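Visitor: The following block contains the structure, expressed as structure tokens.
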Amino acid sequence: MLDNGLYDVTMREGKQSGGYCMQLEGLRAPFSFANFDGTCENAYIMTHEGGHGLYFFLKRNEEIRERTWYTPEMAETHVMSIASLALP
């Protein structure tokens with residue numbers, strides 16, 4: 001993601017608040033969006049959206065693209081796994 005600039009985390013005027021991660025189907029890679037303001041909350045956002053990104057990376061070579069879709073419960077499974085690894 002870093003090598004290909006697949007993130008937008010810099011704060012700027014007029015930028016929407018919040019954070020999300022989505023799959024760019026053409027690249028079969030995740031894209032993360034957030035507003036990092038230098039607070040510790042940024043680490044939470046990075047690990048949370050990184051968990052969604054992990055799912056997209058794990059499913060990127062799935063031939064049947066419908067198998068890459070997930071339920072809200074499944075989406076949070078990867079997020080909780082990454083969050084657990086990031087704990088002190």
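A note on labels: chains of the structure tokens are A, B, ... as shown, every chain counts residues from 1, and ligands are counted from 1 in their shown order.
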Within chain A, find each residue whose DSSP state, derived from the backbone, is strand (DSSP E or B), and express the selection as a PyMOL selection string.

Guide: chain A and resi 7-10+20-24+29-36

Visitor: Running DSSP on the backbone, which parts of chain A land in alpha helix (DSSP H), as a ChimeraX atom specification?

Guide: /A:41-58,72-86

Visitor: Quick one: write out the picked residues with C-alpha atoms as a compact mmCIF listing (two decimals), in the first residue's frame?

Guide:
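Once everything was written out, this is result03.txt:
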# COMPACT_ATOMS: atom_id res chain seq x y z
CA GLU A 41 -6.32 7.67 18.06
CA ASN A 42 -4.42 7.46 14.76
CA ALA A 43 -2.83 4.17 15.87
CA TYR A 44 -6.30 2.72 16.51
CA ILE A 45 -7.54 3.88 13.11
CA MET A 46 -4.45 2.50 11.38
CA THR A 47 -4.83 -0.95 12.97
CA HIS A 48 -8.60 -0.99 12.42
CA GLU A 49 -8.45 -0.09 8.74
CA GLY A 50 -5.35 -2.26 8.37
CA GLY A 51 -7.43 -5.23 9.50
CA HIS A 52 -9.86 -4.62 6.67
CA GLY A 53 -6.90 -4.22 4.33
CA LEU A 54 -5.54 -7.58 5.50
CA TYR A 55 -8.78 -9.24 4.46
CA PHE A 56 -8.58 -7.68 0.99
CA PHE A 57 -4.96 -8.81 0.58
CA LEU A 58 -5.80 -12.36 1.69
CA PRO A 72 -20.07 -7.04 8.82
CA GLU A 73 -19.22 -9.78 11.33
CA MET A 74 -16.55 -11.26 9.08
CA ALA A 75 -15.10 -7.83 8.37
CA GLU A 76 -14.48 -7.25 12.07
CA THR A 77 -12.79 -10.64 12.58
CA HIS A 78 -9.67 -9.47 10.76
CA VAL A 79 -9.80 -6.10 12.51
CA MET A 80 -9.84 -7.73 15.94
CA SER A 81 -6.94 -10.00 14.96
CA ILE A 82 -4.76 -7.09 13.91
CA ALA A 83 -5.80 -5.08 16.99
CA SER A 84 -4.75 -7.99 19.23
CA LEU A 85 -1.32 -8.11 17.59
CA ALA A 86 -0.91 -4.36 18.08

Visitor: So that I can see what lies close to A:Leu6, please list as a list in words the residues with an atom at most 12 Å from it, counting only C-alpha atoms and leaving out residues fewer than 2 positions away in the same chain.

Guide: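 Final neighbour list, sorted by chain and number: Met1, Leu2, Asp3, Asn4, Asp8, Val9, Cys21, Met22, Gln23, Leu24, Leu27, Arg28, Ala29, Pro30, Phe31, Ser32, Phe33, Ala34, Gly50 and Gly53 of chain A.
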
Visitor: Could you tell me which of A:Arg12, A:Gly5, A:Gly38, A:Glu25 comes closest to A:Glu62 if we count only C-alpha atoms?

Guide: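 Closest candidate: A:Glu25.
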
Visitor: Which is closest to A:Gly26 among A:Arg65, A:Thr71, A:Glu13, A:Thr39, if we use only C-alpha atoms?

Guide: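 Closest to A:Gly26 of all the choices is A:Arg65.
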